[in-house]
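Q: Just dropping this structure here.
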Amino acid sequence: MTGTPVGAAAALFRRDLQLAVRRPDDALQPLLFAVIVAALFPFALGADATRLAPIAGGVAWVVALLSLLIGLDAVYRGDEEDGSLDQLLVSGQPLALLCAARMLAHWLVVGLPLVLVAPVLARLLGMPPNAWPVAIASLSLGTGVLVAIGHVCAALAVAAKRSVILVPLLVLPLAVPVLIFGAGAVQATLSGLSPTVPLLMLAAGLALAIPLAPLACAAALRLNAG
Amino acid sequence: MTGTPVGAAAALFRRDLQLAVRRPDDALQPLLFAVIVAALFPFALGADATRLAPIAGGVAWVVALLSLLIGLDAVYRGDEEDGSLDQLLVSGQPLALLCAARMLAHWLVVGLPLVLVAPVLARLLGMPPNAWPVAIASLSLGTGVLVAIGHVCAALAVAAKRSVILVPLLVLPLAVPVLIFGAGAVQATLSGLSPTVPLLMLAAGLALAIPLAPLACAAALRLNAG
Amino acid sequence: MHPLVRWFHRFGSPPTFYRWAGAAQPWLFAAALLLGAVGLYFGLVVAPADYLQGESVRILYIHVPSAWMSLFAYLFVAVNAFVALVWRIRISEILAMAAVPIGAMFTAVTLASGALWGRPTWGTYWQWDARLTSELVLLFLYIGILALYHAIEDRRRAARAAGLLALVGVVNLPVIHYSVRWWSTLHQGESVKLFGESSMHSSMLWPLLLMAAATHIWFFASLAGRARLALLEADSDKAWVREALKQSLPDASPPHGASA
Amino acid sequence: MTARDLGFARTGETIFGPVTFVLRAGGLLAIGGANGAGKTTLLHVLAGLLAPSMGTLATEFGEVGHAPGSSRVALVGHHNGLKLDLSARANLRFREALHGAEESQTVDKALAHVGLAGYESLALRELSAGQRRRVALAALARSRATLWLLDEPFANLDAEGRSLVSTLIAAQRERGGMVALTTHGADVLPADTTHCRLGAAT
Amino acid sequence: MTARDLGFARTGETIFGPVTFVLRAGGLLAIGGANGAGKTTLLHVLAGLLAPSMGTLATEFGEVGHAPGSSRVALVGHHNGLKLDLSARANLRFREALHGAEESQTVDKALAHVGLAGYESLALRELSAGQRRRVALAALARSRATLWLLDEPFANLDAEGRSLVSTLIAAQRERGGMVALTTHGADVLPADTTHCRLGAAT
Ligand code: HEM
Ligand SMILES: Nc1ncnc2c1ncn2[C@@H]1O[C@H](COP(=O)(O)OP(=O)(O)OP(=O)(O)O)[C@@H](O)[C@H]1O
Ligand SMILES: Nc1ncnc2c1ncn2[C@@H]1O[C@H](COP(=O)(O)OP(=O)(O)OP(=O)(O)O)[C@@H](O)[C@H]1O
Ligand SMILES: [Mg+2]
Ligand SMILES: [Mg+2]
């Protein structure tokens with residue numbers, strides 16, 4: 001099944017996972033960040049650490065989510081510098097499908113671990129257990145949306161090689177709403193309110209991103225080809 | 001004065017600054033990261049935001065440290081991939097001096113902006129103004145030390161060609177003492193104590209790092225030459 | 001030449017070291033076991049249970065010695081790394097890297113025993129307390145050194161790189177040691193002092209010191225074993241190794257058995 | 001494939017062209033010209049990576065390299081388009097899935113065929129410049145693309161490697177495929193090569 | 001410079017050698033060998049980037065490329081060692097400050113001399129492969145290094161560029177400098193070249 005669009009996408013997916021295994025420092029950085037944050041506060045606050053406990057849940061959540069954005073701008077730059085991107089474009093495979101494969105791989109490498117350690121973080125920082133499910137749910141939705149956004153912006157950055165555009169500047173405005181709803185969901189639960197609305201917003205965001213982001217990504221990569 | 005050690009170091013310093021200007025997205029990412037996180041903290045905490053004030057110092061420092069970690073692993077990898085590193089090694093210039101120049105440039109690009117926006121961070125986190133001077137002082141000292149540590153670890157990562165190591169994993173244990181004293185100084189001020197001792201500790205750390213870190217960095221880069 | 005260096009060169013020539021270490025190892029292990037047994041007997045049986053902590057106080061005899069060792073081992077690594085980097089002495093590279101896993105092990109034991117001890121005394125296994133967290137950081141540091149060491153194929157380069165990292169990491173030792181003074185921590189302050197009055201009753205102090213001695217000796221015994229193995233690997237193509245192996249074939253315990 | 005008055009301009013100033021040539025099935029086009037004359041750019045236009053800014057490019061197999069399943073183009077550029085952190089085998093596997101390949105050979109056979117037997121599982125960054133190039137050639141050798149675009153295919157290769165390239169090209173032409181390559185004149189090419197020299201720039 | 005039974009091994013297995021050669025002032029050494037034979041590795045050993053694992057390398061100007069102010073080595077590798085995001089001018093300025101250069105020419109003159117007049121302020125990523133190579137040559141032309149190490153210096157260059165390289169080499173030898181380069185046999189070299197062929201690998 002070599003050469004079929006699905007086969008190609010699957011292969012690209014596999015390749016990105018392999019690369020993540022070969023360069024774990026790139027892949028694990030976000031996860032490490034999240035755990036480190038939990039470990040750093042006690043140092044920073046010494047005895048005051050206890051004061052953080054009640055609010056630390058939301059805190060770590062924000063940083064964990066933001067850590068997703070690190071190095072996102074490099075997603076396509078690497079492929080562009082070593083000529084792999086040309087190969088993708090030349091292959092004549094449906095580009096959007098390829099982009100989708102990359103996003104999925106990226107989420108598996110960077111997003112999923114974050115979701116999995118969420119309970120650990122919550123525990124470390126003394127988040128009341130009743131908020132854990134919400135934290136996990138919002139993280140799984142939020143990470144998905146952020147990865148999608150990030151990939152589109154990274155593709156744009158590659159397309160506009162010569163003009164210096166700031167990927168973070170592109171990503172962050174788009175990311176802030178995600179953070180707001182995500183953190184909002186957790187805080188709502190912590191203060192006894194219902195997290196449904198913010199969670200629904202996140203879900204809506206994801207539902208939008210899944211079909212649209214790959215198309216946008218592909219379009220951005222095509223920009224050079226005029 | 002071409003070819004003189006000082007001239008070479010100066011040129012390298014200029015080059016890194018130029019690169020930062022050409023790739024502002026890489027250069028600005030840490031700063032943006034710090035500001036956004038700080039901005040989101042009060043939000044993530046919602047009503048609890050007031051609880052943040054007493055621990056603002058620690059939080060600000062954690063944010064600063066995390067943002068400094070961004071892109072640290074790329075410091076020498078880029079030079080290694082495009083052959084620039086070989087040119088540095090072959091030049092026969094005192095390598096430690098060149099490393100020092102790079103550290104200084106990196107600090108100017110990443111550390112100084114953090115110091116400059118420190119008041120903004122403090123404001124966002126609701127830190128009482130009387131602690132701002134200390135926060136700024138501790139950050140200016142601390143970021144210097146952190147950059148130095150970071151460069152040594154980045155250089156070590158290059159020695160491991162197939163960089164299977166997590167630069168953050170190397171950096172963080174070393175960075176923790178800096179964090180402790182930096183945040184300690186601010187927290188002391190917040191709780192009405194004198195910040196002199198922790199600040200002196202930071203100054204001592206910087207005094208140690210300035211001569212030693214470049215040497216360690218050079219030694220690490222030389223490891224390749226066996 | 002610096003006397004220390006001369007000494008290292010003489011004692012540190014692989015064959016010599018291999019012989020000496022091999023000869024000393026059994027005795028060291030024996031001594032360690034003996035002292036340890038006596039120490040544990042006095043500690044777990046003779047010494048009184050604490051009127052506050054009850055029997056749980058006896059964890060002290062595991063916890064404190066291993067805690068001290070976690071720091072001592074790191075110091076040992078750092079010193080050897082320094083010698084290796086400055087004077088390029090190979091045996092020091094070997095010793096430093098051989099000591100890292102042992103130190104990591106002691107650190108893990110410290111964390112575990114401390115956590116177990118914390119449950120009855122502080123009512124929690126873990127607190128993000130300065131002393132506790134800094135010890136955890138020490139473990140990370142050990143792991144980082146190991147990771148770097150194994151990330152580089154060429155063994156000598158790997159050893160020097162990891163050694164460099166270990167040297168930079170020395171800054172953490174004072175933080176761990178003085179953490180109890182610098183911050184108000186849950187953790188015990190210094191109760192055993194080399195000089196001046198120890199705040200610990202002698203019936204507890206003596207078994208503790210015995211255990212400390214035992215762990216130190218055991219450290220060197222285990223170190224000897226690992227270092228010998230590392231030497232054999234590094235010089236596997238050298239003549240003296242074939243010699244050594246020929247000799248060790250008849251005797252029952254090949255060097256592998258040593259590295260317990 | 002027929003190019004009529006083909007040209008490309010970047011932000012106003014012309015990079016190359018207008019050039020006119022016809023490349024028939026089984027044909028070989030050699031693009032010459034000084035450094036910076038626009039050879040690579042022309043290849044990219046032929047590959048559909050860049051849209052020509054003047055003239056027309058007609059290919060009997062539809063617009064190049066866009067529509068899914070279209071008879072594909074194989075490109076070997078200045079950069080090999082391989083991942084340095086992956087093994088030669090992994091790189092080749094990926095390229096096959098991407099471009100399609102003859103099932104006849106196994107991946108390792110293909111690598112052996114370009115003289116990389118024994119290097120299959122080394123990370124590419126541990127291979128020499130020429131060995132990396134050979135991995136790219138292995139991928140090329142197996143692609144069923146109608147049009148091959150080779151940017152200085154003989155660079156970095158030893159004598160044996162260069163003859164390998166020549167045989168690959170010959171085989172592709174046998175098959176009725178088309179080949180367009182860039183050269184700096186130092187390379188040995190068959191007599192029936194169509195030459196196309198881009199106006200000297202630099 | 002004298003190499004006696006020089007060799008290099010990576011984690012046990014030998015990459016090249018033992019080789020023995022003498023390179024006198026004004027001499028030119030051409031290192032041949034198949035892809036993967038170890039040419040680049042040998043150059044790196046000569047540059048002091050790698051420590052030889054067997055044999056001895058004696059250079060009348062001290063350990064190569066280490067001690068500050070030591071008569072320096074100029075290296076042009078497979079990678080040009082230039083920053084793609086900087087302009088040709090900025091790159092050249094930096095290299096001069098790093099390695100030292102004859103003050104005679106200005107930077108732009110040096111660029112014009114390698115045929116890059118008008119491209120001084122373009123970012124390197126906007127230059128063609130050969131033009132990038134030429135920037136590296138411009139840096140080489142101005143370095144006062146005693147020993148030049150050139151890894152396939154003729155690659156990516158057009159005829160005029162190749163003759164430029166030859167003249168540069170000739171000038172360096174005039175000056176009493178030494179040149180060691182790697183080649184795949186296709187290049188034209190002066191008759192008095194010392195040849196050194198590395199045992200075939202790959
Ligand atoms: C995970 C939890 C713990 C960790 C990581 C830990 C770590 C350490 C370390 C690193 C030391 C050596 C300090 C030095 O020599 O500078 C130490 C000593 C000691 N620890 Fe712990 N500890 C823990 C829990 C406990 C608990 C629960 C107790 C008892 C309530 C305890 C009692 C002691 C005592 C008495 C000493 C000897 C103090 C001295 O004389 O220096 N530790 N611990
Ligand atoms: N970084 C590395 N790590 C491990 N092995 C390497 C590394 N670089 C090169 N090698 C191996 O060393 C051998 C020689 O490589 P080298 O680059 O010197 O060959 P070369 O003669 O320059 O070949 P080419 O003509 O293709 O440039 C190759 O077989 C390669 O596999
Ligand atoms: N990405 C780019 N942006 C802007 N200009 C470019 C870009 N790439 C190439 N150019 C310009 O286009 C011209 C042609 O470049 P091209 O790479 O096609 O030349 P070439 O014929 O391949 O040269 P060489 O023989 O050195 O490879 C060059 O003058 C270069 O300055
Ligand atoms: Mg070209
Ligand atoms: Mg080579």
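Going through the structure tokens in order, the chains are called A, B, and so on, while each chain numbers its residues from 1 and the ligands are numbered from 1 in the order shown.
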As a ChimeraX atom specification, please: every residue in stretch 4-221 of chain C that a backbone DSSP assignment puts in helix (DSSP H, G or I).
A: /C:4-12,14-46,55-87,90-122,130-151,155-169,172-182,202-221
Q: Quick check: residues of chain A within 9 Å of chain D, only C-alpha atoms, returned as JSON, numbers by chain.
A: {"A": [1, 2, 3, 4, 5, 7, 8, 9, 10, 11, 12, 14, 15, 18, 19, 22, 23, 79, 80, 81, 82, 83, 84, 85, 86, 87, 88, 89, 90, 91, 92, 93, 94, 95, 222, 224, 225, 226]}
Q: Those same residues - N, CA and C atoms - I'd like them written as an mmCIF file, in the first residue's frame.
A:
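The new file out.cif reads:
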```cif
data_model
loop_
_atom_site.group_PDB
_atom_site.id
_atom_site.type_symbol
_atom_site.label_atom_id
_atom_site.label_comp_id
_atom_site.auth_asym_id
_atom_site.auth_seq_id
_atom_site.Cartn_x
_atom_site.Cartn_y
_atom_site.Cartn_z
ATOM 1 N N MET A 1 0.830 -1.193 0.000
ATOM 2 C CA MET A 1 0.000 0.000 0.000
ATOM 3 C C MET A 1 0.874 1.257 0.000
ATOM 4 N N THR A 2 2.120 1.078 -0.448
ATOM 5 C CA THR A 2 2.962 2.276 -0.559
ATOM 6 C C THR A 2 2.364 3.198 -1.600
ATOM 7 N N GLY A 3 2.478 4.478 -1.342
ATOM 8 C CA GLY A 3 2.033 5.451 -2.333
ATOM 9 C C GLY A 3 0.597 5.875 -2.162
ATOM 10 N N THR A 4 -0.212 5.080 -1.458
ATOM 11 C CA THR A 4 -1.585 5.524 -1.251
ATOM 12 C C THR A 4 -1.584 6.670 -0.245
ATOM 13 N N PRO A 5 -2.538 7.596 -0.382
ATOM 14 C CA PRO A 5 -2.591 8.717 0.572
ATOM 15 C C PRO A 5 -2.551 8.243 2.022
ATOM 16 N N GLY A 7 -1.513 5.406 3.258
ATOM 17 C CA GLY A 7 -0.209 4.826 3.557
ATOM 18 C C GLY A 7 0.815 5.915 3.811
ATOM 19 N N ALA A 8 0.806 6.944 2.961
ATOM 20 C CA ALA A 8 1.765 8.033 3.118
ATOM 21 C C ALA A 8 1.570 8.721 4.462
ATOM 22 N N ALA A 9 0.319 9.044 4.781
ATOM 23 C CA ALA A 9 0.045 9.722 6.051
ATOM 24 C C ALA A 9 0.525 8.848 7.213
ATOM 25 N N ALA A 10 0.202 7.556 7.131
ATOM 26 C CA ALA A 10 0.628 6.645 8.205
ATOM 27 C C ALA A 10 2.141 6.671 8.342
ATOM 28 N N ALA A 11 2.831 6.644 7.197
ATOM 29 C CA ALA A 11 4.294 6.632 7.244
ATOM 30 C C ALA A 11 4.819 7.915 7.880
ATOM 31 N N LEU A 12 4.227 9.038 7.503
ATOM 32 C CA LEU A 12 4.658 10.313 8.074
ATOM 33 C C LEU A 12 4.445 10.301 9.585
ATOM 34 N N ARG A 14 4.363 7.689 11.492
ATOM 35 C CA ARG A 14 5.399 6.835 12.077
ATOM 36 C C ARG A 14 6.728 7.584 12.162
ATOM 37 N N ARG A 15 7.064 8.269 11.067
ATOM 38 C CA ARG A 15 8.360 8.950 11.051
ATOM 39 C C ARG A 15 8.458 9.950 12.195
ATOM 40 N N GLN A 18 9.084 8.220 15.363
ATOM 41 C CA GLN A 18 10.478 7.762 15.441
ATOM 42 C C GLN A 18 11.398 8.920 15.789
ATOM 43 N N LEU A 19 11.191 10.056 15.135
ATOM 44 C CA LEU A 19 12.032 11.221 15.416
ATOM 45 C C LEU A 19 11.911 11.617 16.882
ATOM 46 N N ARG A 22 14.035 9.472 18.803
ATOM 47 C CA ARG A 22 15.467 9.738 18.629
ATOM 48 C C ARG A 22 15.889 11.026 19.331
ATOM 49 N N ARG A 23 14.970 11.968 19.459
ATOM 50 C CA ARG A 23 15.316 13.228 20.117
ATOM 51 C C ARG A 23 14.395 13.462 21.304
ATOM 52 N N ASP A 79 11.868 20.512 8.716
ATOM 53 C CA ASP A 79 11.586 19.877 7.421
ATOM 54 C C ASP A 79 11.954 20.788 6.268
ATOM 55 N N GLU A 80 11.847 22.098 6.493
ATOM 56 C CA GLU A 80 12.124 23.019 5.399
ATOM 57 C C GLU A 80 13.629 23.082 5.154
ATOM 58 N N GLU A 81 14.408 23.078 6.241
ATOM 59 C CA GLU A 81 15.852 23.273 6.072
ATOM 60 C C GLU A 81 16.504 22.054 5.443
ATOM 61 N N ASP A 82 16.027 20.851 5.764
ATOM 62 C CA ASP A 82 16.722 19.671 5.222
ATOM 63 C C ASP A 82 16.036 19.134 3.967
ATOM 64 N N GLY A 83 15.081 19.887 3.437
ATOM 65 C CA GLY A 83 14.497 19.502 2.157
ATOM 66 C C GLY A 83 13.363 18.495 2.256
ATOM 67 N N SER A 84 13.050 18.034 3.461
ATOM 68 C CA SER A 84 11.958 17.053 3.580
ATOM 69 C C SER A 84 10.639 17.656 3.127
ATOM 70 N N LEU A 85 10.484 18.950 3.401
ATOM 71 C CA LEU A 85 9.215 19.596 3.054
ATOM 72 C C LEU A 85 8.985 19.523 1.547
ATOM 73 N N ASP A 86 10.041 19.791 0.767
ATOM 74 C CA ASP A 86 9.904 19.673 -0.686
ATOM 75 C C ASP A 86 9.412 18.279 -1.048
ATOM 76 N N GLN A 87 9.950 17.274 -0.368
ATOM 77 C CA GLN A 87 9.534 15.904 -0.684
ATOM 78 C C GLN A 87 8.039 15.729 -0.425
ATOM 79 N N LEU A 88 7.573 16.281 0.684
ATOM 80 C CA LEU A 88 6.143 16.157 0.979
ATOM 81 C C LEU A 88 5.332 16.830 -0.124
ATOM 82 N N LEU A 89 5.763 18.031 -0.524
ATOM 83 C CA LEU A 89 4.995 18.778 -1.516
ATOM 84 C C LEU A 89 5.017 18.066 -2.857
ATOM 85 N N VAL A 90 6.167 17.535 -3.211
ATOM 86 C CA VAL A 90 6.316 16.899 -4.517
ATOM 87 C C VAL A 90 5.536 15.591 -4.591
ATOM 88 N N SER A 91 5.352 14.971 -3.441
ATOM 89 C CA SER A 91 4.803 13.604 -3.454
ATOM 90 C C SER A 91 3.428 13.560 -4.110
ATOM 91 N N GLY A 92 2.734 14.711 -4.165
ATOM 92 C CA GLY A 92 1.416 14.706 -4.770
ATOM 93 C C GLY A 92 0.367 14.054 -3.897
ATOM 94 N N GLN A 93 0.741 13.747 -2.656
ATOM 95 C CA GLN A 93 -0.260 13.218 -1.730
ATOM 96 C C GLN A 93 -1.113 14.371 -1.209
ATOM 97 N N PRO A 94 -2.360 14.094 -0.800
ATOM 98 C CA PRO A 94 -3.183 15.170 -0.234
ATOM 99 C C PRO A 94 -2.509 15.784 0.985
ATOM 100 N N LEU A 95 -2.103 17.041 0.842
ATOM 101 C CA LEU A 95 -1.268 17.666 1.863
ATOM 102 C C LEU A 95 -1.996 17.767 3.196
ATOM 103 N N ARG A 222 1.402 25.586 0.950
ATOM 104 C CA ARG A 222 1.342 25.747 -0.504
ATOM 105 C C ARG A 222 1.708 27.158 -0.928
ATOM 106 N N ASN A 224 4.172 29.033 -0.943
ATOM 107 C CA ASN A 224 5.363 29.238 -1.773
ATOM 108 C C ASN A 224 5.046 28.889 -3.217
ATOM 109 N N ALA A 225 4.346 27.763 -3.397
ATOM 110 C CA ALA A 225 4.060 27.301 -4.751
ATOM 111 C C ALA A 225 3.114 28.259 -5.472
ATOM 112 N N GLY A 226 2.754 29.343 -4.826
ATOM 113 C CA GLY A 226 1.946 30.392 -5.459
ATOM 114 C C GLY A 226 0.584 29.858 -5.846
#
```
Q: Over all C-alpha atoms, paired in order, superpose chain B onto chain A by least squares and report how large the RMSD is in Å.
A: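 The superposed chains show a C-alpha RMSD of 1.2 Å.
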Q: Neighbours of ligand 4 at 12 Å or closer, counting only C-alpha atoms and all ligand atoms: which residues, as a PyMOL selection string?
A: (chain D and resi 31-44+76-79+149-153+155+181-184+198) or (chain E and resi 126-133+155-158)
Q: C:Val83, C:Leu223, C:Ala162, C:Val137: which is nearest chain A, counting only C-alpha atoms?
A: C:Val137
Q: List as a list in words the protein and nucleic acid residues lying within 6 Å of ligand 1, with only C-alpha atoms and all ligand atoms counted.
A: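 Sorted by chain and then by number, the residues are Val64, Ala67, Trp68, Thr110, Leu111, Gly114, Ala115, Trp117, Gly118, Thr121, Leu132, Glu135, His177, His187, Gln188, Gly189, Glu190, Ser191 and Val192 of chain C.
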Q: Next, dump the selected residues to file, keeping only N, CA, C and O atoms, as a compact mmCIF listing (two decimals), in the first residue's frame.
A:
```txt
# COMPACT_ATOMS: atom_id res chain seq x y z
N VAL C 64 19.65 7.81 58.25
CA VAL C 64 20.71 8.80 58.43
C VAL C 64 22.01 8.36 57.76
O VAL C 64 22.58 9.13 56.99
N ALA C 67 21.67 8.73 54.14
CA ALA C 67 21.61 10.15 53.78
C ALA C 67 23.01 10.73 53.73
O ALA C 67 23.39 11.42 52.77
N TRP C 68 23.80 10.42 54.77
CA TRP C 68 25.17 10.92 54.76
C TRP C 68 25.92 10.39 53.54
O TRP C 68 26.63 11.12 52.86
N THR C 110 17.66 6.90 50.91
CA THR C 110 17.37 8.01 51.83
C THR C 110 15.94 8.50 51.63
O THR C 110 15.18 8.64 52.58
N LEU C 111 15.59 8.72 50.37
CA LEU C 111 14.24 9.21 50.07
C LEU C 111 13.20 8.23 50.58
O LEU C 111 12.25 8.59 51.29
N GLY C 114 13.21 7.93 54.40
CA GLY C 114 12.68 9.17 54.95
C GLY C 114 11.18 9.24 54.80
O GLY C 114 10.45 9.58 55.74
N ALA C 115 10.72 8.86 53.60
CA ALA C 115 9.27 8.91 53.36
C ALA C 115 8.55 7.99 54.34
O ALA C 115 7.58 8.38 54.99
N TRP C 117 9.54 7.05 57.16
CA TRP C 117 9.65 7.60 58.51
C TRP C 117 8.68 8.78 58.67
O TRP C 117 8.11 9.00 59.73
N GLY C 118 8.54 9.52 57.59
CA GLY C 118 7.69 10.70 57.67
C GLY C 118 6.24 10.34 57.98
O GLY C 118 5.54 11.06 58.69
N THR C 121 5.74 10.08 61.71
CA THR C 121 6.16 11.25 62.50
C THR C 121 5.51 12.54 62.01
O THR C 121 5.09 13.36 62.81
N LEU C 132 13.77 17.85 51.86
CA LEU C 132 13.30 16.69 51.09
C LEU C 132 13.48 16.93 49.60
O LEU C 132 14.02 16.11 48.87
N GLU C 135 17.03 16.88 48.36
CA GLU C 135 17.56 15.52 48.22
C GLU C 135 17.04 14.89 46.94
O GLU C 135 17.76 14.22 46.22
N HIS C 177 22.67 20.36 52.61
CA HIS C 177 23.13 20.25 53.99
C HIS C 177 22.54 21.35 54.85
O HIS C 177 22.09 21.10 55.97
N HIS C 187 11.92 19.04 58.61
CA HIS C 187 12.98 18.08 58.83
C HIS C 187 13.84 18.43 60.02
O HIS C 187 14.02 19.59 60.36
N GLN C 188 14.35 17.38 60.64
CA GLN C 188 15.27 17.49 61.76
C GLN C 188 16.41 18.43 61.45
O GLN C 188 16.96 18.42 60.36
N GLY C 189 16.84 19.17 62.42
CA GLY C 189 18.07 19.94 62.28
C GLY C 189 19.25 19.01 62.49
O GLY C 189 19.09 17.81 62.73
N GLU C 190 20.44 19.60 62.43
CA GLU C 190 21.65 18.80 62.63
C GLU C 190 21.67 18.32 64.08
O GLU C 190 21.64 19.12 65.00
N SER C 191 21.67 17.02 64.29
CA SER C 191 21.70 16.54 65.67
C SER C 191 22.98 15.76 65.94
O SER C 191 23.29 15.47 67.08
N VAL C 192 23.72 15.45 64.91
CA VAL C 192 25.00 14.80 65.12
C VAL C 192 26.09 15.75 64.64
O VAL C 192 26.05 16.23 63.51
```
